>>> print(open('work-v4.csv').read())   # CSV, C-alpha atoms
chain,number,residue,atom,x,y,z
S,1,MET,CA,0.0,0.0,0.0
S,2,ILE,CA,1.1,3.6,-0.7
S,3,PRO,CA,-0.3,5.8,2.1
S,4,TYR,CA,-1.5,9.3,1.5
S,5,ALA,CA,0.7,10.5,4.4
S,6,ASP,CA,3.0,8.8,6.9
S,7,LEU,CA,3.3,10.6,10.2
S,8,LYS,CA,4.9,7.6,11.8
S,9,ALA,CA,7.9,7.7,9.5
S,10,GLN,CA,8.6,11.3,10.4
S,11,TYR,CA,8.3,10.5,14.1
S,12,LEU,CA,10.6,7.5,14.0
S,13,ALA,CA,13.3,9.5,12.2
S,14,LEU,CA,13.2,12.1,15.0
S,15,LYS,CA,12.3,9.9,17.9
S,16,PRO,CA,15.4,10.6,20.1
S,17,GLU,CA,15.1,14.4,19.6
S,18,ILE,CA,11.3,14.4,20.2
S,19,LEU,CA,11.5,12.2,23.4
S,20,ALA,CA,14.3,14.5,24.7
S,21,ALA,CA,12.1,17.6,24.1
S,22,VAL,CA,9.1,15.9,25.8
S,23,GLU,CA,11.2,15.0,28.8
S,24,ARG,CA,12.5,18.6,29.0
S,25,VAL,CA,9.0,19.9,29.3
S,26,LEU,CA,8.0,17.3,31.9
S,27,GLU,CA,11.1,18.2,33.9
S,28,ASN,CA,10.5,22.0,33.8
S,29,SER,CA,6.7,21.5,34.1
S,30,ALA,CA,5.9,24.6,31.9
S,31,PHE,CA,2.9,23.0,30.3
S,32,ILE,CA,1.0,26.1,29.1
S,33,LEU,CA,2.9,28.9,27.4
S,34,GLY,CA,6.3,29.3,29.2
S,35,SER,CA,9.9,29.1,27.9
S,36,GLU,CA,9.4,26.5,25.2
S,37,VAL,CA,6.5,28.5,23.6
S,38,GLU,CA,8.5,31.7,23.8
S,39,ALA,CA,11.6,30.0,22.2
S,40,PHE,CA,9.4,28.5,19.4
S,41,GLU,CA,7.8,31.8,18.7
S,42,ASN,CA,11.2,33.5,18.3
S,43,GLU,CA,12.4,30.7,16.0
S,44,PHE,CA,9.2,30.5,13.9
S,45,ALA,CA,9.2,34.3,13.5
S,46,ALA,CA,12.8,34.1,12.2
S,47,HIS,CA,11.8,31.3,9.8
S,48,GLN,CA,8.9,33.3,8.4
S,49,LYS,CA,11.0,36.5,8.4
S,50,ALA,CA,8.4,38.2,10.6
S,51,ARG,CA,8.9,40.5,13.6
S,52,HIS,CA,6.4,38.7,15.8
S,53,ALA,CA,5.0,35.1,16.2
S,54,ILE,CA,2.3,34.4,18.7
S,55,GLY,CA,1.6,30.7,19.5
S,56,VAL,CA,-2.0,29.6,19.9
S,57,ASN,CA,-3.9,26.3,20.1
S,58,SER,CA,-5.0,25.9,16.5
S,59,GLY,CA,-5.0,27.4,13.1
S,60,THR,CA,-8.7,28.2,13.5
S,61,SER,CA,-7.9,30.1,16.7
S,62,ALA,CA,-5.1,32.0,14.8
S,63,LEU,CA,-7.6,33.1,12.2
S,64,HIS,CA,-10.2,34.1,14.8
S,65,LEU,CA,-7.7,36.2,16.8
S,66,ALA,CA,-6.2,37.8,13.7
S,67,LEU,CA,-9.6,39.0,12.6
S,68,LEU,CA,-10.5,40.3,16.1
S,69,ALA,CA,-7.1,42.0,16.5
S,70,ALA,CA,-7.7,43.7,13.2
S,71,GLY,CA,-11.0,45.1,14.5
S,72,ILE,CA,-13.3,42.9,12.5
S,73,GLY,CA,-16.8,42.6,14.1
S,74,PRO,CA,-20.5,42.5,13.6
S,75,GLY,CA,-21.7,44.3,10.4
S,76,ASP,CA,-18.3,44.1,8.7
S,77,GLU,CA,-17.6,42.2,5.5
S,78,VAL,CA,-14.4,40.2,4.8
S,79,ILE,CA,-13.6,39.2,1.2
S,80,THR,CA,-12.3,35.6,0.9
S,81,VAL,CA,-12.7,32.5,-1.2
S,82,PRO,CA,-15.0,29.5,-1.0
S,83,PHE,CA,-12.5,26.9,-2.1
S,84,THR,CA,-10.7,26.4,1.2
S,85,PHE,CA,-11.0,24.5,4.4
S,86,VAL,CA,-14.1,25.7,6.3
S,87,ALA,CA,-12.1,27.3,9.1
S,88,SER,CA,-11.2,30.2,6.8
S,89,VAL,CA,-14.9,31.1,6.7
S,90,ALA,CA,-16.0,30.0,10.1
S,91,ALA,CA,-13.5,32.3,11.8
S,92,ILE,CA,-15.0,35.3,10.0
S,93,LEU,CA,-18.5,34.2,11.2
S,94,TYR,CA,-17.1,33.9,14.8
S,95,THR,CA,-16.5,37.6,14.8
S,96,GLY,CA,-20.1,38.4,13.7
S,97,ALA,CA,-18.8,39.6,10.3
S,98,ARG,CA,-20.0,38.3,6.9
S,99,PRO,CA,-17.8,36.4,4.4
S,100,VAL,CA,-18.0,37.8,0.9
S,101,TYR,CA,-16.7,35.4,-1.7
S,102,VAL,CA,-14.7,35.9,-4.8
S,103,ASP,CA,-13.8,33.1,-7.2
S,104,ILE,CA,-10.4,31.6,-7.6
S,105,ASP,CA,-7.8,31.5,-10.4
S,106,PRO,CA,-8.1,28.2,-12.3
S,107,PHE,CA,-4.4,27.6,-12.3
S,108,SER,CA,-3.3,28.5,-8.8
S,109,PHE,CA,-6.6,27.7,-7.0
S,110,ASN,CA,-6.1,30.9,-5.1
S,111,MET,CA,-8.0,34.2,-4.9
S,112,ASP,CA,-8.4,35.9,-8.3
S,113,PRO,CA,-7.3,39.5,-7.6
S,114,ALA,CA,-9.2,40.8,-10.7
S,115,LEU,CA,-12.5,40.0,-8.9
S,116,ILE,CA,-11.8,41.8,-5.6
S,117,GLU,CA,-12.8,45.4,-6.3
S,118,ARG,CA,-16.3,44.6,-7.6
S,119,ALA,CA,-16.9,42.8,-4.2
S,120,ILE,CA,-15.9,45.8,-2.1
S,121,THR,CA,-18.8,47.6,-0.4
S,122,PRO,CA,-18.9,50.3,2.4
S,123,ARG,CA,-19.0,47.5,4.9
S,124,THR,CA,-15.8,45.8,3.6
S,125,LYS,CA,-13.0,45.9,6.3
S,126,ALA,CA,-10.6,43.1,5.2
S,127,ILE,CA,-9.4,40.8,2.5
S,128,LEU,CA,-8.5,37.2,3.6
S,129,PRO,CA,-6.6,35.4,0.8
S,130,VAL,CA,-5.8,31.7,1.4
S,131,HIS,CA,-2.4,30.3,0.3
S,132,LEU,CA,-4.0,27.0,-0.7
S,133,TYR,CA,-2.2,23.7,-0.9
S,134,GLY,CA,1.1,25.4,-0.1
S,135,GLN,CA,1.2,28.1,-2.8
S,136,SER,CA,1.0,31.8,-2.3
S,137,ALA,CA,-1.8,33.8,-3.6
S,138,ASP,CA,-0.8,36.7,-6.0
S,139,MET,CA,-0.2,39.2,-3.2
S,140,ASP,CA,1.0,42.4,-5.0
S,141,PRO,CA,-2.4,43.2,-6.6
S,142,ILE,CA,-4.2,42.2,-3.4
S,143,LEU,CA,-2.1,44.5,-1.3
S,144,GLU,CA,-2.4,47.3,-3.8
S,145,ILE,CA,-6.2,47.1,-3.7
S,146,ALA,CA,-6.2,46.9,0.1
S,147,ARG,CA,-4.0,50.0,0.3
S,148,ARG,CA,-6.3,52.0,-2.0
S,149,HIS,CA,-9.4,51.0,-0.1
S,150,LYS,CA,-7.8,51.1,3.4
S,151,LEU,CA,-8.5,47.4,4.0
S,152,VAL,CA,-6.7,45.0,6.3
S,153,VAL,CA,-5.0,42.0,4.7
S,154,ILE,CA,-5.1,38.8,6.8
S,155,GLU,CA,-3.2,35.9,5.2
S,156,ASP,CA,-4.5,32.3,5.7
S,157,ALA,CA,-1.2,30.6,5.5
S,158,CYS,CA,-2.3,27.5,7.4
S,159,GLN,CA,-1.1,25.2,4.5
S,160,ALA,CA,1.9,27.3,3.5
S,161,HIS,CA,4.8,27.1,6.0
S,162,GLY,CA,7.9,28.4,4.3
S,163,ALA,CA,6.0,29.2,1.0
S,164,GLU,CA,7.3,32.4,-0.7
S,165,TYR,CA,5.9,35.1,-2.9
S,166,LYS,CA,8.6,36.8,-5.1
S,167,GLY,CA,11.3,35.6,-2.6
S,168,GLN,CA,9.4,36.7,0.5
S,169,ARG,CA,7.9,34.3,3.0
S,170,VAL,CA,4.1,34.4,3.3
S,171,GLY,CA,2.4,35.4,6.5
S,172,ALA,CA,3.8,38.9,7.1
S,173,LEU,CA,3.3,40.2,3.5
S,174,GLY,CA,-0.1,41.6,4.6
S,175,ASP,CA,-1.0,43.0,8.1
S,176,ILE,CA,-1.2,39.7,9.8
S,177,GLY,CA,-0.9,36.0,8.9
S,178,CYS,CA,-2.1,32.6,10.4
S,179,PHE,CA,-0.6,29.2,10.5
S,180,SER,CA,-1.8,25.8,11.6
S,181,PHE,CA,0.3,23.0,13.1
S,182,TYR,CA,-2.3,20.3,12.7
S,183,PRO,CA,-0.3,17.0,12.6
S,184,ALA,CA,-0.6,16.5,8.8
S,185,LYS,CA,0.7,20.0,8.0
S,186,ASN,CA,4.2,20.5,6.6
S,187,LEU,CA,5.2,21.6,10.1
S,188,GLY,CA,2.9,19.5,12.4
S,189,ALA,CA,2.5,19.2,16.1
S,190,ALA,CA,1.7,16.0,18.0
S,191,GLY,CA,-1.8,17.4,18.3
S,192,GLU,CA,-3.3,20.8,17.7
S,193,GLY,CA,-1.4,24.1,17.4
S,194,GLY,CA,-1.3,27.3,15.5
S,195,CYS,CA,0.5,30.6,15.2
S,196,VAL,CA,-0.1,34.3,14.3
S,197,VAL,CA,2.7,36.2,12.6
S,198,THR,CA,2.9,40.0,12.0
S,199,ASN,CA,5.3,42.9,11.6
S,200,ARG,CA,2.9,45.2,13.4
S,201,ASP,CA,3.5,45.7,17.1
S,202,ASP,CA,-0.1,46.7,17.9
S,203,LEU,CA,-1.6,43.6,16.3
S,204,ALA,CA,0.9,41.3,18.1
S,205,ALA,CA,0.1,42.8,21.5
S,206,LYS,CA,-3.6,42.4,20.8
S,207,VAL,CA,-3.3,38.8,19.8
S,208,ARG,CA,-1.1,38.0,22.9
S,209,SER,CA,-3.7,39.5,25.1
S,210,LEU,CA,-6.7,37.8,23.4
S,211,ARG,CA,-5.1,34.3,23.4
S,212,ASN,CA,-4.8,34.4,27.2
S,213,TRP,CA,-8.2,35.6,28.4
S,214,GLY,CA,-7.5,39.2,27.5
S,215,GLN,CA,-5.1,39.6,30.4
S,216,LYS,CA,-2.8,42.7,30.6
S,217,ASP,CA,-1.4,41.4,33.9
S,218,ARG,CA,-2.4,38.3,35.9
S,219,TYR,CA,-6.2,38.6,36.7
S,220,ILE,CA,-6.3,42.1,35.1
S,221,TYR,CA,-8.4,42.0,32.0
S,222,GLU,CA,-8.3,44.5,29.2
S,223,ASP,CA,-10.3,42.4,26.7
S,224,ARG,CA,-12.9,39.7,26.7
S,225,GLY,CA,-10.4,37.1,25.6
S,226,TYR,CA,-10.1,33.4,25.0
S,227,ASN,CA,-8.3,30.3,26.2
S,228,TYR,CA,-6.3,29.9,23.0
S,229,ARG,CA,-2.9,29.3,24.5
S,230,LEU,CA,-0.2,27.0,22.9
S,231,GLU,CA,1.0,24.2,25.1
S,232,GLY,CA,4.6,23.9,26.1
S,233,MET,CA,4.8,20.2,24.9
S,234,GLN,CA,3.6,21.1,21.4
S,235,ALA,CA,6.0,24.0,21.2
S,236,ALA,CA,8.9,21.8,22.3
S,237,ILE,CA,8.1,19.2,19.6
S,238,LEU,CA,7.6,21.9,17.0
S,239,ARG,CA,11.0,23.3,17.8
S,240,VAL,CA,12.6,19.9,17.0
S,241,LYS,CA,10.7,19.7,13.7
S,242,LEU,CA,11.3,23.3,12.7
S,243,LYS,CA,15.0,22.6,12.3
S,244,HIS,CA,14.1,20.0,9.6
S,245,LEU,CA,11.4,22.0,7.8
S,246,GLU,CA,13.5,23.3,5.0
S,247,ALA,CA,14.9,19.9,4.2
S,248,TRP,CA,11.4,18.5,4.2
S,249,THR,CA,10.2,21.3,2.0
S,250,GLU,CA,12.9,20.6,-0.6
S,251,ALA,CA,12.0,16.9,-0.4
S,252,ARG,CA,8.3,17.7,-1.1
S,253,ARG,CA,9.4,19.9,-4.0
S,254,SER,CA,11.6,17.2,-5.4
S,255,ARG,CA,8.7,14.7,-5.3
S,256,ALA,CA,6.4,17.2,-6.9
S,257,SER,CA,8.9,17.7,-9.7
S,258,LEU,CA,9.2,14.0,-10.2
S,259,TYR,CA,5.4,13.6,-10.3
S,260,ARG,CA,5.1,16.4,-12.8
S,261,ARG,CA,7.6,14.7,-15.1
S,262,GLU,CA,6.2,11.2,-14.8
S,263,LEU,CA,2.6,12.4,-15.3
S,264,LYS,CA,3.3,13.6,-18.8
S,265,GLY,CA,1.0,11.5,-21.0
S,266,ALA,CA,-1.6,10.9,-18.3
S,267,ASP,CA,-5.1,12.3,-18.7
S,268,VAL,CA,-4.7,14.6,-15.7
S,269,GLN,CA,-3.6,18.2,-15.1
S,270,ALA,CA,-0.7,18.5,-12.7
S,271,PRO,CA,-0.6,21.5,-10.3
S,272,GLN,CA,0.9,24.6,-11.8
S,273,GLU,CA,3.6,26.4,-9.9
S,274,MET,CA,3.1,30.1,-10.5
S,275,PRO,CA,6.1,32.2,-11.6
S,276,TYR,CA,5.9,34.3,-8.5
S,277,ALA,CA,5.7,31.4,-6.0
S,278,ARG,CA,7.8,28.9,-4.1
S,279,HIS,CA,5.2,26.2,-3.7
S,280,VAL,CA,5.8,24.0,-0.6
S,281,TYR,CA,3.3,21.3,-1.7
S,282,HIS,CA,1.3,20.7,1.4
S,283,VAL,CA,-0.7,18.6,-1.1
S,284,PHE,CA,-0.1,17.6,-4.7
S,285,ALA,CA,-3.5,18.3,-6.3
S,286,ILE,CA,-4.1,17.0,-9.8
S,287,THR,CA,-7.4,17.7,-11.7
S,288,SER,CA,-9.5,15.5,-13.9
S,289,PRO,CA,-13.2,15.4,-14.9
S,290,ARG,CA,-12.8,11.6,-14.2
S,291,ARG,CA,-11.8,12.2,-10.6
S,292,GLU,CA,-14.0,9.6,-9.0
S,293,GLU,CA,-13.1,6.9,-11.6
S,294,LEU,CA,-9.4,7.6,-11.0
S,295,ARG,CA,-9.7,7.6,-7.3
S,296,GLN,CA,-11.5,4.3,-7.2
S,297,ALA,CA,-8.9,2.7,-9.5
S,298,LEU,CA,-6.0,4.0,-7.4
S,299,THR,CA,-7.7,2.7,-4.3
S,300,SER,CA,-8.1,-0.7,-5.8
S,301,LYS,CA,-4.3,-0.8,-6.4
S,302,GLY,CA,-3.5,0.2,-2.8
S,303,VAL,CA,-2.9,3.9,-3.4
S,304,GLN,CA,-4.5,6.2,-0.9
S,305,THR,CA,-5.7,9.6,-2.2
S,306,ALA,CA,-7.7,12.5,-0.7
S,307,VAL,CA,-10.0,15.2,-2.0
S,308,HIS,CA,-9.5,18.7,-0.7
S,309,TYR,CA,-12.3,19.9,-0.9
S,310,PRO,CA,-15.3,18.1,-2.5
S,311,VAL,CA,-17.8,20.9,-1.7
S,312,PRO,CA,-16.9,24.6,-1.7
S,313,VAL,CA,-17.9,26.4,1.5
S,314,HIS,CA,-20.7,28.4,-0.1
S,315,LEU,CA,-22.6,25.3,-1.1
S,316,HIS,CA,-22.8,23.8,2.4
S,317,ASP,CA,-26.2,24.3,3.9
S,318,VAL,CA,-24.9,25.6,7.2
S,319,TYR,CA,-22.8,28.3,5.4
S,320,ARG,CA,-25.2,29.3,2.6
S,321,ASP,CA,-25.7,33.0,1.7
S,322,PRO,CA,-28.5,33.8,-0.8
S,323,ALA,CA,-26.0,36.1,-2.6
S,324,PHE,CA,-23.9,33.1,-3.6
S,325,PRO,CA,-26.1,30.4,-5.0
S,326,ALA,CA,-24.9,27.4,-6.9
S,327,GLY,CA,-23.3,28.5,-10.1
S,328,SER,CA,-22.2,31.9,-8.8
S,329,LEU,CA,-18.6,30.8,-8.3
S,330,PRO,CA,-18.0,28.5,-11.2
S,331,VAL,CA,-14.2,28.0,-11.0
S,332,SER,CA,-14.4,27.0,-7.3
S,333,GLU,CA,-17.3,24.7,-8.0
S,334,GLU,CA,-15.4,23.0,-10.9
S,335,ALA,CA,-12.3,22.6,-8.9
S,336,ALA,CA,-14.3,21.0,-6.1
S,337,ARG,CA,-15.5,18.4,-8.6
S,338,HIS,CA,-12.2,17.7,-10.3
S,339,VAL,CA,-9.3,17.9,-7.7
S,340,LEU,CA,-7.6,14.8,-6.5
S,341,CYS,CA,-4.7,14.8,-4.2
S,342,LEU,CA,-1.9,12.2,-4.5
S,343,PRO,CA,0.4,11.0,-1.8
S,344,ILE,CA,3.2,13.4,-1.1
S,345,TYR,CA,5.4,13.7,2.0
S,346,PRO,CA,9.1,14.0,2.6
S,347,GLU,CA,9.7,10.3,3.1
S,348,LEU,CA,7.8,9.2,0.1
S,349,PRO,CA,10.0,6.9,-2.0
S,350,ASP,CA,10.7,7.8,-5.6
S,351,ALA,CA,9.5,4.3,-6.5
S,352,SER,CA,6.1,5.1,-5.1
S,353,VAL,CA,5.9,8.3,-7.2
S,354,TRP,CA,6.8,6.2,-10.3
S,355,GLU,CA,4.1,3.6,-9.4
S,356,VAL,CA,1.3,6.2,-8.8
S,357,ALA,CA,2.2,8.1,-12.0
S,358,GLY,CA,2.4,4.8,-14.0
S,359,LEU,CA,-1.0,3.8,-12.8
S,360,LEU,CA,-2.5,7.1,-13.9
S,361,ARG,CA,-0.8,6.9,-17.3
S,362,SER,CA,-2.3,3.5,-17.8
S,363,MET,CA,-5.8,4.9,-17.2
S,364,ARG,CA,-5.6,7.2,-20.3
S,365,LEU,CA,-8.9,7.6,-22.2
S,366,LYS,CA,-8.9,5.3,-25.2
>>> encode(input="work-v4.csv", output="structure tokens")
Amino acid sequence: MIPYADLKAQYLALKPEILAAVERVLENSAFILGSEVEAFENEFAAHQKARHAIGVNSGTSALHLALLAAGIGPGDEVITVPFTFVASVAAILYTGARPVYVDIDPFSFNMDPALIERAITPRTKAILPVHLYGQSADMDPILEIARRHKLVVIEDACQAHGAEYKGQRVGALGDIGCFSFYPAKNLGAAGEGGCVVTNRDDLAAKVRSLRNWGQKDRYIYEDRGYNYRLEGMQAAILRVKLKHLEAWTEARRSRASLYRRELKGADVQAPQEMPYARHVYHVFAITSPRREELRQALTSKGVQTAVHYPVPVHLHDVYRDPAFPAGSLPVSEEAARHVLCLPIYPELPDASVWEVAGLLRSMRLK
């Protein structure tokens, strides 16, 4: 069997380092926030080339706090995309604001900047692009529109650790950015975790307060905050893994390059790496109108695949908005029908890539 992902392989390669980190936390007993979290924040900020990193308990919490720190609240509108994990939209709704959708570019699967201005209204307060699958959105036009309309830019970089836009790391290109350390992410914790990054001192201070019950000092509350704190154990494990992230990223990129070469002649479209981007391949997403047929055939041969995401957010009943009926966001809707994600992780053997690609080539239409 070729698994879609193999978290155990990563753990076994780092087992002595991880166990030492866990023992260190148990010995110092700083289980919530503390020295390990502070050290990880400094190291992750340096990795992402941001002034501040604030650890939280999930990527969803990161998005929620970033929106609140930026002043988003009831009656506001935030422009985003429907082809994303639901947390991107749910976090907007948590604040009482309304998500306003624009469609995606068919090649990058990210926000189409040409559609943003027509979605702006007097209620618009922010733009929330998603760096989907590990590739940056086209940020220059997004930032230019935001400047002209005095809008905040909040980057959902939950799948894009180490991704770059024109040589700059994502996350701090806009006002504030959000990362997830869910175990299957390129940088994954042994459980839940997340982080907010920013170059703005005011936003960093606000997020630090909000993640810890809104405390200015112990038991002195300046905000109605949340219990969104990062655990010391997760931070210690993330510190171990962060040292290996660049090597893992290059391994993912190498396997993506091999896939792309081996898929020539198959009836599928390989993901396109945009000229402005350093794609970190959180997933390797091919597209085909025969998606279900291909998926079933690969499963029958012992190849695990995944679909991210089979239904765009605006078509889920619990997230429906009459302004965005079926057919209103056609590129997102087509992507949801056609995307199939193949196994990709740093430890994936080249032979497995050859096998998966060979199977797909053998399924060509006659």
>>> closest_residue(input="work-v4.csv", among="S:Thr299, S:Ser88, S:Ser180, S:Thr80", to="Lys125 in chain S", atoms="only C-alpha atoms")
S:Thr80
>>> atom_distance(input="work-v4.csv", atom1="CA of Arg208 in chain S", atom2="CA of Lys49 in chain S")
18.9 Å
>>> closest_residue(input="work-v4.csv", among="S:Arg224, S:Arg24, S:Arg218, S:Arg278", to="Ala236 in chain S", atoms="all atoms listed in the file")
S:Arg24
>>> atom_distance(input="work-v4.csv", atom1="CA of Pro312 in chain S", atom2="CA of Pro82 in chain S")
5.3 Å
>>> closest_residue(input="work-v4.csv", among="S:Ala126, S:Ala87, S:Val307, S:Ile32", to="Val56 in chain S", atoms="all atoms listed in the file")
S:Ile32
>>> closest_residue(input="work-v4.csv", among="S:Ile142, S:Glu43, S:His244, S:Leu65", to="Ala204 in chain S", atoms="all atoms listed in the file")
S:Leu65
